[in-house]
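S.K.: I am attaching a structure below and will ask some questions about it afterwards.
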Protein chains: 2
Amino acid sequence: MYRTHTCGELSINHNGQEVTLAGWVQTVRKFGSITFVDLRDRYGITQLLFGEELNTELDAQPLGREFVLQVTGKVNERSNKNPNLATGDIEIIVGSFKVLNKSAVPPFTIQDDTDGGDDLRMKYRYLDLRRNAVKRNIELRYAVNRAARNYLHQQGFMDIETPFLIKSTPEGARDFVVPSRMNAGQFYALPQSPQTFKQLLMVSGYDRYYQVVKCFRDEDLRADRQPEFTQIDCEMAFVEQEDILNMFEGLIKSIFKDVKGIEYTEKVQRMTWEDAMWKYGNDKPDIRFDMPLLNLKKPAVVYMNKQDQSQLINEAGFKVFDEAETVIAIAAPGCSEYSRKQTDELTEWVKRPQIGMKGLAFIKCNTDGTYKSSIDKFFTEEKLKAIADAAGAIAGDLVLILAGAEERTRKAISDLRMEMANRLGLRKKEEFRLLWVLDFPLFEYDEEGNRWVARHHPFTSPKPSDIETMIGNDPVITNAAEYLKHPYAGIKANAYDMVLNGNEIGGGSIRIFQRELQEKMFAALGMSKEEALHKFGFLLGAFEYGAPPHGGIAFGFDRLCAILGGSESIRDFIAFPKNNAGRDVMLDAPSTIDDKQLEELQIRLQLK
Amino acid sequence: MYRTHTCGELSINHNGQEVTLAGWVQTVRKFGSITFVDLRDRYGITQLLFGEELNTELDAQPLGREFVLQVTGKVNERSNKNPNLATGDIEIIVGSFKVLNKSAVPPFTIQDDTDGGDDLRMKYRYLDLRRNAVKRNIELRYAVNRAARNYLHQQGFMDIETPFLIKSTPEGARDFVVPSRMNAGQFYALPQSPQTFKQLLMVSGYDRYYQVVKCFRDEDLRADRQPEFTQIDCEMAFVEQEDILNMFEGLIKSIFKDVKGIEYTEKVQRMTWEDAMWKYGNDKPDIRFDMPLLNLKKPAVVYMNKQDQSQLINEAGFKVFDEAETVIAIAAPGCSEYSRKQTDELTEWVKRPQIGMKGLAFIKCNTDGTYKSSIDKFFTEEKLKAIADAAGAIAGDLVLILAGAEERTRKAISDLRMEMANRLGLRKKEEFRLLWVLDFPLFEYDEEGNRWVARHHPFTSPKPSDIETMIGNDPVITNAAEYLKHPYAGIKANAYDMVLNGNEIGGGSIRIFQRELQEKMFAALGMSKEEALHKFGFLLGAFEYGAPPHGGIAFGFDRLCAILGGSESIRDFIAFPKNNAGRDVMLDAPSTIDDKQLEELQIRLQLK
């Protein structure tokens, strides 16, 4: 061993002891004839003192930043203690030292506030990983991993490895494929998730399975997506939705406790998908703050069971509202005194292409009890007050109103709600609020193909009460314009998402475990019987031999870590991430391969 | 929840309690008007008793093997207890039942002694996994996984995930490659191991890393190889070989204890590679028994420091020995009374093509003190006695002698030693003997290319005392016939293998951490500077910025589990293994993919 102690463990209790440390030179400070060096390793920083008698040696072998150094010396109580450092009470009076390896000058400083840009840090990721800010993330990731495994183990779950070289069954996202040399002309696929395998394990009787497992999706990378990512993947047999919700809010609470020291004792709030969309315009609402939507107008066919407040805006003669499919308002607390400049700026904000609205109406609920609005040409003060009251606004608030096509407007008001919360500091970094969103629609309508696609995935069960609707109706959509009237449009899934601070951190469902229903599902998705058998024959077969009721969930491990670490970017929590073009710039991968390799695989390039 | 208890937990303490169970029908036995059903789940088997009053219902809904059943009833003390069953004291008097799912008749019986052949069981792996014999293996695998993680965590190791989509740097085995759609014409490779990443993590200061991680090798599959396999992969910084040996014999001992209840307290034995080859003819000797080799003759150039016993056979005029490069004997204990038929059979055994010897000489050390030999035409009884004594034979033993070319003969005597041990029952299933094999040669000679290849891998450091030899000499072999005289032939590696019962379960090395030495290594392997930079530029770069001394080890997790489970086959310990053609017969993968997929990847097939 090159050391007797780490750079993080020496204290006044070791005073006088002879120790050997090894680590990296963080800083070198020369004061006259003596030299101070901060020596760094994974565990901390210890101050070294090189006395006058070592000057000749230091001249012969000067120390630089990031040199790897081994020193032997005596622990000494500092006269000038540093209370900010765990080892700040002591220093090492160096007796002898050895440079284990030199270092060139790093391309950026190894500090929290580094001068390195993103590209440079990614290219030299092995240096970036030395920075405390990054190290904390990697350590947090391991702590989450460990906490999850401990909880799941205690609950009787078994880690069972599923294969990585599987069969390509493209549904939704694209598969990465792997040409097989031994089976020329054929390909393996990398798993998008271990979904079918964990279901087979339930059929096999391993009733509590988990894995912390890499998954792969060949998608065009939006910001903060990675082609390879990690899931905490779980499945249980002989359970209903309620059992899963309880088990896995237990998991997240256990992680909160072990990793963040947070006792999250209250029951996790639950909300149906429809309520979430109606109330927050979003299926993963951030409920650290409320700011609910006031639905002033909705299209006839959606949210059938919901009552809008259209009487508040009807017959005002305001064409924008009258012609809009949807009108929605929120009340921004304490913003009634926004200046013209500020409301103009908000208007510009909603008009950005990412939001895509044509304009923004507002009502200022002045503290003196009066109301002032951008639309007071059409609405009396009384009417403005009625709208503001319905939006839950009180004196001092600012009501913001968007109008337009249903989907776009709902998304826009949701984005505006988040934007206002950010401006108002309502999204507190160290506050964690969990939410279960339930009862998703089973299907989504695919306009291009005029057919149904699975909102979650093709293995999700409908609600028991909807099974008959699904079995008893033809999934074909004969009238595209009225797809919402098709019986399948109303089928709800036995599915659930876990939302943390406005981010979906996990999602799952009770699965179909009956062959007939699974076949109907494949048919609903436009798969022929032959295609279904070719792709999923093994699963349909397994359902013939005593498949138990089962369900599960998968958590996005990278995202969960990022949120717990107070970051929006998953990349910061991955040791060796890829950039937005799917490249590892450190390795310079992907790259060309030898002709010999292509030849052995019996493939050739055919570049466009 | 579909159950209040599992099928493994009810005992006499639950007598009288109303419970609900769910599981699979193992057997149905009808006795007159009552029916017994054994209900099985992951945790055990519980006997159900269906009384007369349920007969109508049972007739309407008959139960078959592997049906999924939910029953509610009362726990009842059995009159006829079954001491072989954990729940054998009780049965459930069924009040009501529900068939949750039916089952077709399984293609083989779900029992330890199944009637299903290998192919059938692999095709229906989800049913095979229900068998107790397979389930025990999967449970053992999880226990090993858990034990390894717990030990490594306690020792301060961190699980850090390394990427799966990396760069192809074919060295030794072939890479599996993954065409990149976003970077057309370029490919990722799947990692053969996280070797370079774990070294980078050491450079980054994460001084104790581990991972239980999938690795991939596109090799022609010999028996019991898998294209994807799992490693317990570890690396440490600021360590020397001694530290690694101690840390990781601790790991295996901890696994022994947690998984098998074995207290392996003695120090793990150590042996140099040269001693292992000399004494056992093998670099992974099974030392549960001794049966050492007597080297009667060796070629001049190999095992230079070893003294053979050629004086025992010289000048006997026996051409076979005189003309052989190598002559080696072992003493098989208690076999002196082998019949002619038995010695003939052994002779046939060594003449099989897998062994490839021309014949077998033997000396019977009779219990009456006389010696009888197949070669007594050439050797006096006195000489036979001298040979037998040197081989460590005592009265009652049988000395077996092979002669021929060095490599083949040494391998053959090693195989014969194992064969005799098997016949004599010396390889006891429940005895575990660990061994460190040390000081491997750094290079092997590649006849085809007349060049050096890395015996372990290109990142293994030579022994400190050999660094100068390596730096100071030209690796080029000018005289192929005398390659053994090249200075590189004698360079020893700072490498170590852990051997368990004759199987290599782990291997590792102290790594090169100096750029100059690493470049020399690449050059020695015939890599040009450009090639080395193209493939490993990131690692050479990392060595410029303060790389610490480091080393590590990787354990073959599948093999370790198999040996602990008393099996020779790793496939039995993998939930979803592939066959020898690299196929998953359950999934029917690999398989063809859509033209659209090929087109998007900009590749096409070019089948020979």
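Identifiers for the structure tokens are assigned positionally: chains receive A, B, ... in sequence, residues are indexed from 1 per chain, and ligands are indexed from 1 in the order shown.
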Name the residues in contact with Arg408 of chain A at a cut-off of 12 Å, using only C-alpha atoms, excluding same-chain residues fewer than 2 positions from it; report them as a PyMOL selection string.

M.R.: chain A and resi 281-282+324-328+350-351+353-358+402-406+410-415

S.K.: Using only C-alpha atoms, which residues sit within 9 Å of Arg270 of chain B once same-chain residues fewer than 6 positions away are excluded, as a ChimeraX atom specification?

M.R.: /B:434-438

S.K.: Name the residues in contact with segment 310-322 of chain A at a cut-off of 7 Å, using only C-alpha atoms, excluding same-chain residues fewer than 3 positions from it; report them as a ChimeraX atom specification.

M.R.: /A:296-297,327,378-379,387,403

S.K.: List as a VMD selection string the protein and nucleic acid residues near Thr87 of chain A, meaning an atom at most 12 Å away when only C-alpha atoms are counted, but skip any in the same chain fewer than 2 places from it.

M.R.: chain A and resid 6 to 15 38 to 40 43 to 48 75 to 78 81 to 85 89 to 92

S.K.: When you look at Asp118 of chain A with a cut-off of 12 Å (counting only C-alpha atoms), what residues show up, excluding the ones that are within fewer than 5 positions of it in the same chain? I need them as a PyMOL selection string.

M.R.: chain A and resi 108+123-125+128+571-572+577-580+585

S.K.: From the list B:Thr272, B:Ser336, B:Gln597, B:Thr56, which residue is nearest chain A when using only C-alpha atoms?

M.R.: B:Gln597

S.K.: Any idea what's packed within 9 Å of Leu251 of chain B, counting only C-alpha atoms, ignoring anything in its chain fewer than 5 positions away? Could you give it as an NGL selection string?

M.R.: :B and (147-148 or 151-152 or 246 or 256)

S.K.: Could you save those same residues with all heavy atoms as a short mmCIF file (atom, residue, chain, number, x, y, z; two decimals), in the first residue's frame?

M.R.:
data_model
loop_
_atom_site.label_atom_id
_atom_site.label_comp_id
_atom_site.auth_asym_id
_atom_site.auth_seq_id
_atom_site.Cartn_x
_atom_site.Cartn_y
_atom_site.Cartn_z
N ALA B 147 -23.47 -10.83 -1.66
CA ALA B 147 -22.31 -10.97 -0.77
C ALA B 147 -21.13 -10.16 -1.29
O ALA B 147 -20.43 -9.50 -0.53
CB ALA B 147 -21.93 -12.45 -0.63
N ALA B 148 -20.91 -10.23 -2.61
CA ALA B 148 -19.79 -9.49 -3.20
C ALA B 148 -19.99 -7.99 -3.00
O ALA B 148 -19.07 -7.28 -2.56
CB ALA B 148 -19.68 -9.82 -4.69
N TYR B 151 -19.40 -6.93 0.71
CA TYR B 151 -17.98 -6.90 1.10
C TYR B 151 -17.30 -5.67 0.49
O TYR B 151 -16.61 -4.91 1.17
CB TYR B 151 -17.28 -8.17 0.64
CG TYR B 151 -15.80 -8.17 0.88
CD1 TYR B 151 -15.28 -8.53 2.12
CD2 TYR B 151 -14.91 -7.80 -0.12
CE1 TYR B 151 -13.90 -8.53 2.35
CE2 TYR B 151 -13.53 -7.79 0.10
CZ TYR B 151 -13.03 -8.15 1.34
OH TYR B 151 -11.69 -8.15 1.56
N LEU B 152 -17.52 -5.47 -0.81
CA LEU B 152 -16.83 -4.39 -1.50
C LEU B 152 -17.27 -3.03 -0.95
O LEU B 152 -16.46 -2.11 -0.80
CB LEU B 152 -17.06 -4.50 -3.01
CG LEU B 152 -16.37 -5.73 -3.64
CD1 LEU B 152 -16.88 -5.99 -5.05
CD2 LEU B 152 -14.84 -5.56 -3.65
N ASN B 246 -4.55 -9.62 -0.88
CA ASN B 246 -5.24 -9.67 0.42
C ASN B 246 -6.70 -9.21 0.31
O ASN B 246 -7.59 -9.84 0.88
CB ASN B 246 -4.50 -8.79 1.43
CG ASN B 246 -3.17 -9.41 1.83
OD1 ASN B 246 -3.04 -10.63 1.85
ND2 ASN B 246 -2.18 -8.58 2.09
N PHE B 256 -17.76 -17.09 0.36
CA PHE B 256 -17.85 -18.46 0.93
C PHE B 256 -18.71 -18.45 2.20
O PHE B 256 -19.57 -19.28 2.39
CB PHE B 256 -16.46 -18.98 1.30
CG PHE B 256 -15.69 -19.58 0.15
CD1 PHE B 256 -14.34 -19.88 0.30
CD2 PHE B 256 -16.29 -19.86 -1.06
CE1 PHE B 256 -13.61 -20.44 -0.74
CE2 PHE B 256 -15.58 -20.42 -2.11
CZ PHE B 256 -14.23 -20.70 -1.95
#

S.K.: Excluding segment 182-189 of chain A and its own-chain neighbours fewer than 5 positions away, which residues fall within 7 Å of it when counting only C-alpha atoms? Please give them as an NGL selection string.

M.R.: (:A and (165-168 or 175-177 or 601-602)) or (:B and (581 or 589-593 or 605 or 607))

S.K.: For the residues in the current selection, export N, CA, C and O atoms as a PDB file, in the first residue's frame.

M.R.:
ATOM      1  N   LEU A 165     -28.219  -9.187 -25.479  1.00  0.00           N
ATOM      2  CA  LEU A 165     -28.302  -9.494 -26.905  1.00  0.00           C
ATOM      3  C   LEU A 165     -29.626 -10.197 -27.128  1.00  0.00           C
ATOM      4  O   LEU A 165     -29.748 -11.406 -26.878  1.00  0.00           O
ATOM      5  N   ILE A 166     -30.638  -9.430 -27.559  1.00  0.00           N
ATOM      6  CA  ILE A 166     -31.976 -10.000 -27.655  1.00  0.00           C
ATOM      7  C   ILE A 166     -32.497  -9.852 -29.078  1.00  0.00           C
ATOM      8  O   ILE A 166     -31.717  -9.734 -30.016  1.00  0.00           O
ATOM      9  N   LYS A 167     -33.797  -9.837 -29.200  1.00  0.00           N
ATOM     10  CA  LYS A 167     -34.403  -9.825 -30.525  1.00  0.00           C
ATOM     11  C   LYS A 167     -34.965  -8.440 -30.819  1.00  0.00           C
ATOM     12  O   LYS A 167     -35.526  -7.796 -29.943  1.00  0.00           O
ATOM     13  N   SER A 168     -34.833  -8.006 -32.051  1.00  0.00           N
ATOM     14  CA  SER A 168     -35.343  -6.682 -32.412  1.00  0.00           C
ATOM     15  C   SER A 168     -36.853  -6.749 -32.614  1.00  0.00           C
ATOM     16  O   SER A 168     -37.348  -7.502 -33.441  1.00  0.00           O
ATOM     17  N   ASP A 175     -34.547   0.344 -32.135  1.00  0.00           N
ATOM     18  CA  ASP A 175     -33.563  -0.499 -31.468  1.00  0.00           C
ATOM     19  C   ASP A 175     -32.163  -0.191 -31.985  1.00  0.00           C
ATOM     20  O   ASP A 175     -31.982   0.060 -33.170  1.00  0.00           O
ATOM     21  N   PHE A 176     -31.180  -0.287 -31.114  1.00  0.00           N
ATOM     22  CA  PHE A 176     -29.811  -0.484 -31.572  1.00  0.00           C
ATOM     23  C   PHE A 176     -29.668  -1.955 -31.924  1.00  0.00           C
ATOM     24  O   PHE A 176     -30.148  -2.826 -31.175  1.00  0.00           O
ATOM     25  N   VAL A 177     -29.042  -2.246 -33.042  1.00  0.00           N
ATOM     26  CA  VAL A 177     -28.893  -3.648 -33.430  1.00  0.00           C
ATOM     27  C   VAL A 177     -27.415  -4.034 -33.510  1.00  0.00           C
ATOM     28  O   VAL A 177     -26.543  -3.188 -33.656  1.00  0.00           O
ATOM     29  N   LEU A 601     -18.612  -9.879 -40.633  1.00  0.00           N
ATOM     30  CA  LEU A 601     -20.038  -9.742 -40.296  1.00  0.00           C
ATOM     31  C   LEU A 601     -20.929  -9.863 -41.528  1.00  0.00           C
ATOM     32  O   LEU A 601     -22.151  -9.899 -41.413  1.00  0.00           O
ATOM     33  N   GLN A 602     -20.277  -9.904 -42.694  1.00  0.00           N
ATOM     34  CA  GLN A 602     -21.003 -10.004 -43.967  1.00  0.00           C
ATOM     35  C   GLN A 602     -21.995  -8.854 -44.147  1.00  0.00           C
ATOM     36  O   GLN A 602     -23.137  -9.039 -44.555  1.00  0.00           O
TER      37      GLN A 602
ATOM     38  N   ALA B 581     -24.402 -21.922 -30.472  1.00  0.00           N
ATOM     39  CA  ALA B 581     -24.353 -21.144 -31.712  1.00  0.00           C
ATOM     40  C   ALA B 581     -24.669 -19.676 -31.419  1.00  0.00           C
ATOM     41  O   ALA B 581     -24.909 -18.896 -32.335  1.00  0.00           O
ATOM     42  N   ALA B 589     -33.560 -15.523 -31.391  1.00  0.00           N
ATOM     43  CA  ALA B 589     -32.664 -14.408 -31.703  1.00  0.00           C
ATOM     44  C   ALA B 589     -31.233 -14.943 -31.821  1.00  0.00           C
ATOM     45  O   ALA B 589     -30.907 -15.903 -31.152  1.00  0.00           O
ATOM     46  N   PRO B 590     -30.391 -14.351 -32.658  1.00  0.00           N
ATOM     47  CA  PRO B 590     -30.679 -13.199 -33.518  1.00  0.00           C
ATOM     48  C   PRO B 590     -31.656 -13.559 -34.627  1.00  0.00           C
ATOM     49  O   PRO B 590     -31.942 -14.720 -34.852  1.00  0.00           O
ATOM     50  N   SER B 591     -32.153 -12.522 -35.291  1.00  0.00           N
ATOM     51  CA  SER B 591     -33.093 -12.749 -36.382  1.00  0.00           C
ATOM     52  C   SER B 591     -32.892 -11.660 -37.431  1.00  0.00           C
ATOM     53  O   SER B 591     -32.132 -10.721 -37.219  1.00  0.00           O
ATOM     54  N   THR B 592     -33.580 -11.833 -38.542  1.00  0.00           N
ATOM     55  CA  THR B 592     -33.471 -10.801 -39.571  1.00  0.00           C
ATOM     56  C   THR B 592     -34.153  -9.521 -39.078  1.00  0.00           C
ATOM     57  O   THR B 592     -35.009  -9.568 -38.206  1.00  0.00           O
ATOM     58  N   ILE B 593     -33.744  -8.399 -39.644  1.00  0.00           N
ATOM     59  CA  ILE B 593     -34.412  -7.139 -39.285  1.00  0.00           C
ATOM     60  C   ILE B 593     -35.009  -6.529 -40.543  1.00  0.00           C
ATOM     61  O   ILE B 593     -34.715  -6.972 -41.654  1.00  0.00           O
ATOM     62  N   LEU B 605     -26.660  -6.054 -46.292  1.00  0.00           N
ATOM     63  CA  LEU B 605     -26.069  -7.374 -46.121  1.00  0.00           C
ATOM     64  C   LEU B 605     -25.220  -7.686 -47.342  1.00  0.00           C
ATOM     65  O   LEU B 605     -25.532  -7.260 -48.460  1.00  0.00           O
ATOM     66  N   LEU B 607     -23.981 -11.235 -48.055  1.00  0.00           N
ATOM     67  CA  LEU B 607     -23.794 -12.627 -47.614  1.00  0.00           C
ATOM     68  C   LEU B 607     -22.928 -13.372 -48.604  1.00  0.00           C
ATOM     69  O   LEU B 607     -23.067 -13.228 -49.811  1.00  0.00           O
TER      70      LEU B 607
END

S.K.: Record the distance separating atom CA of Ile252 of chain B and atom CA of Asp218 of chain B, expressed in Å with one decimal.

M.R.: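 Calculated distance between atom CA of Ile252 of chain B and atom CA of Asp218 of chain B is 28.7 Å.
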
S.K.: For atom CA of Pro191 of chain B and atom CA of Leu533 of chain B, determine how far apart the two atoms are, in Å to one decimal place.

M.R.: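 Between atom CA of Pro191 of chain B and atom CA of Leu533 of chain B the gap works out to 18.8 Å.
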
S.K.: Between atom CA of Gly250 of chain B and atom CA of Met277 of chain B, what distance in Å does the model show, to one decimal?

M.R.: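 Rounded to one decimal, the two atoms are 25.9 Å apart.
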
S.K.: Pull the alpha helix (DSSP H) assignments for segment 194-254 of chain A out of DSSP run on the backbone, and list those residues as an mmCIF file with N, CA, C and O atoms, in the first residue's frame.

M.R.:
data_model
loop_
_atom_site.group_PDB
_atom_site.id
_atom_site.type_symbol
_atom_site.label_atom_id
_atom_site.label_comp_id
_atom_site.auth_asym_id
_atom_site.auth_seq_id
_atom_site.Cartn_x
_atom_site.Cartn_y
_atom_site.Cartn_z
ATOM 1 N N GLN A 195 -38.423 -5.471 -20.309
ATOM 2 C CA GLN A 195 -39.850 -5.673 -20.106
ATOM 3 C C GLN A 195 -40.318 -7.131 -20.250
ATOM 4 O O GLN A 195 -40.867 -7.708 -19.318
ATOM 5 N N THR A 196 -40.109 -7.710 -21.413
ATOM 6 C CA THR A 196 -40.667 -9.061 -21.603
ATOM 7 C C THR A 196 -39.957 -10.075 -20.710
ATOM 8 O O THR A 196 -40.586 -11.021 -20.238
ATOM 9 N N PHE A 197 -38.674 -9.866 -20.453
ATOM 10 C CA PHE A 197 -37.957 -10.826 -19.595
ATOM 11 C C PHE A 197 -38.472 -10.799 -18.166
ATOM 12 O O PHE A 197 -38.613 -11.824 -17.531
ATOM 13 N N LYS A 198 -38.750 -9.593 -17.671
ATOM 14 C CA LYS A 198 -39.221 -9.566 -16.292
ATOM 15 C C LYS A 198 -40.611 -10.159 -16.207
ATOM 16 O O LYS A 198 -40.961 -10.802 -15.216
ATOM 17 N N GLN A 199 -41.384 -10.021 -17.263
ATOM 18 C CA GLN A 199 -42.691 -10.675 -17.259
ATOM 19 C C GLN A 199 -42.540 -12.195 -17.301
ATOM 20 O O GLN A 199 -43.254 -12.920 -16.611
ATOM 21 N N LEU A 200 -41.585 -12.668 -18.099
ATOM 22 C CA LEU A 200 -41.340 -14.115 -18.129
ATOM 23 C C LEU A 200 -40.900 -14.616 -16.752
ATOM 24 O O LEU A 200 -41.271 -15.717 -16.334
ATOM 25 N N LEU A 201 -40.112 -13.798 -16.058
ATOM 26 C CA LEU A 201 -39.681 -14.212 -14.710
ATOM 27 C C LEU A 201 -40.884 -14.348 -13.781
ATOM 28 O O LEU A 201 -40.902 -15.210 -12.900
ATOM 29 N N MET A 202 -41.890 -13.502 -13.980
ATOM 30 C CA MET A 202 -43.115 -13.652 -13.182
ATOM 31 C C MET A 202 -43.816 -14.964 -13.547
ATOM 32 O O MET A 202 -44.273 -15.693 -12.672
ATOM 33 N N VAL A 203 -43.870 -15.250 -14.836
ATOM 34 C CA VAL A 203 -44.453 -16.526 -15.279
ATOM 35 C C VAL A 203 -43.665 -17.689 -14.665
ATOM 36 O O VAL A 203 -44.224 -18.729 -14.328
ATOM 37 N N GLN A 241 -52.708 -2.890 -8.376
ATOM 38 C CA GLN A 241 -52.083 -1.570 -8.445
ATOM 39 C C GLN A 241 -51.754 -1.011 -7.055
ATOM 40 O O GLN A 241 -50.667 -0.482 -6.835
ATOM 41 N N GLU A 242 -52.668 -1.180 -6.135
ATOM 42 C CA GLU A 242 -52.480 -0.634 -4.794
ATOM 43 C C GLU A 242 -51.197 -1.169 -4.150
ATOM 44 O O GLU A 242 -50.452 -0.428 -3.491
ATOM 45 N N ASP A 243 -50.923 -2.450 -4.346
ATOM 46 C CA ASP A 243 -49.723 -3.062 -3.760
ATOM 47 C C ASP A 243 -48.458 -2.445 -4.337
ATOM 48 O O ASP A 243 -47.486 -2.199 -3.625
ATOM 49 N N ILE A 244 -48.504 -2.211 -5.649
ATOM 50 C CA ILE A 244 -47.326 -1.640 -6.315
ATOM 51 C C ILE A 244 -47.089 -0.209 -5.819
ATOM 52 O O ILE A 244 -45.963 0.173 -5.510
ATOM 53 N N LEU A 245 -48.160 0.559 -5.745
ATOM 54 C CA LEU A 245 -47.998 1.950 -5.300
ATOM 55 C C LEU A 245 -47.383 1.998 -3.903
ATOM 56 O O LEU A 245 -46.444 2.760 -3.645
ATOM 57 N N ASN A 246 -47.869 1.141 -3.017
ATOM 58 C CA ASN A 246 -47.335 1.155 -1.656
ATOM 59 C C ASN A 246 -45.875 0.701 -1.614
ATOM 60 O O ASN A 246 -45.041 1.302 -0.935
ATOM 61 N N MET A 247 -45.590 -0.376 -2.349
ATOM 62 C CA MET A 247 -44.220 -0.905 -2.333
ATOM 63 C C MET A 247 -43.226 0.135 -2.822
ATOM 64 O O MET A 247 -42.160 0.312 -2.245
ATOM 65 N N PHE A 248 -43.583 0.846 -3.905
ATOM 66 C CA PHE A 248 -42.565 1.674 -4.537
ATOM 67 C C PHE A 248 -42.557 3.111 -4.037
ATOM 68 O O PHE A 248 -41.554 3.805 -4.201
ATOM 69 N N GLU A 249 -43.647 3.557 -3.380
ATOM 70 C CA GLU A 249 -43.424 4.815 -2.677
ATOM 71 C C GLU A 249 -42.542 4.533 -1.472
ATOM 72 O O GLU A 249 -41.752 5.376 -1.071
ATOM 73 N N GLY A 250 -42.618 3.303 -0.966
ATOM 74 C CA GLY A 250 -41.680 2.885 0.088
ATOM 75 C C GLY A 250 -40.238 2.946 -0.392
ATOM 76 O O GLY A 250 -39.343 3.372 0.345
ATOM 77 N N LEU A 251 -40.027 2.518 -1.632
ATOM 78 C CA LEU A 251 -38.661 2.550 -2.181
ATOM 79 C C LEU A 251 -38.125 3.976 -2.230
ATOM 80 O O LEU A 251 -37.012 4.254 -1.758
ATOM 81 N N ILE A 252 -38.932 4.866 -2.781
ATOM 82 C CA ILE A 252 -38.429 6.236 -2.943
ATOM 83 C C ILE A 252 -38.236 6.908 -1.581
ATOM 84 O O ILE A 252 -37.247 7.613 -1.350
ATOM 85 N N LYS A 253 -39.162 6.649 -0.672
ATOM 86 C CA LYS A 253 -38.996 7.216 0.679
ATOM 87 C C LYS A 253 -37.731 6.689 1.341
ATOM 88 O O LYS A 253 -37.036 7.406 2.062
ATOM 89 N N SER A 254 -37.446 5.415 1.104
ATOM 90 C CA SER A 254 -36.252 4.806 1.674
ATOM 91 C C SER A 254 -34.986 5.440 1.086
ATOM 92 O O SER A 254 -34.001 5.680 1.787
#

S.K.: Of the candidates B:Ile262, B:Gln192, B:Cys365, B:Arg427, which shows the shortest atom-to-atom distance to Glu228 of chain B, using only C-alpha atoms?

M.R.: B:Gln192
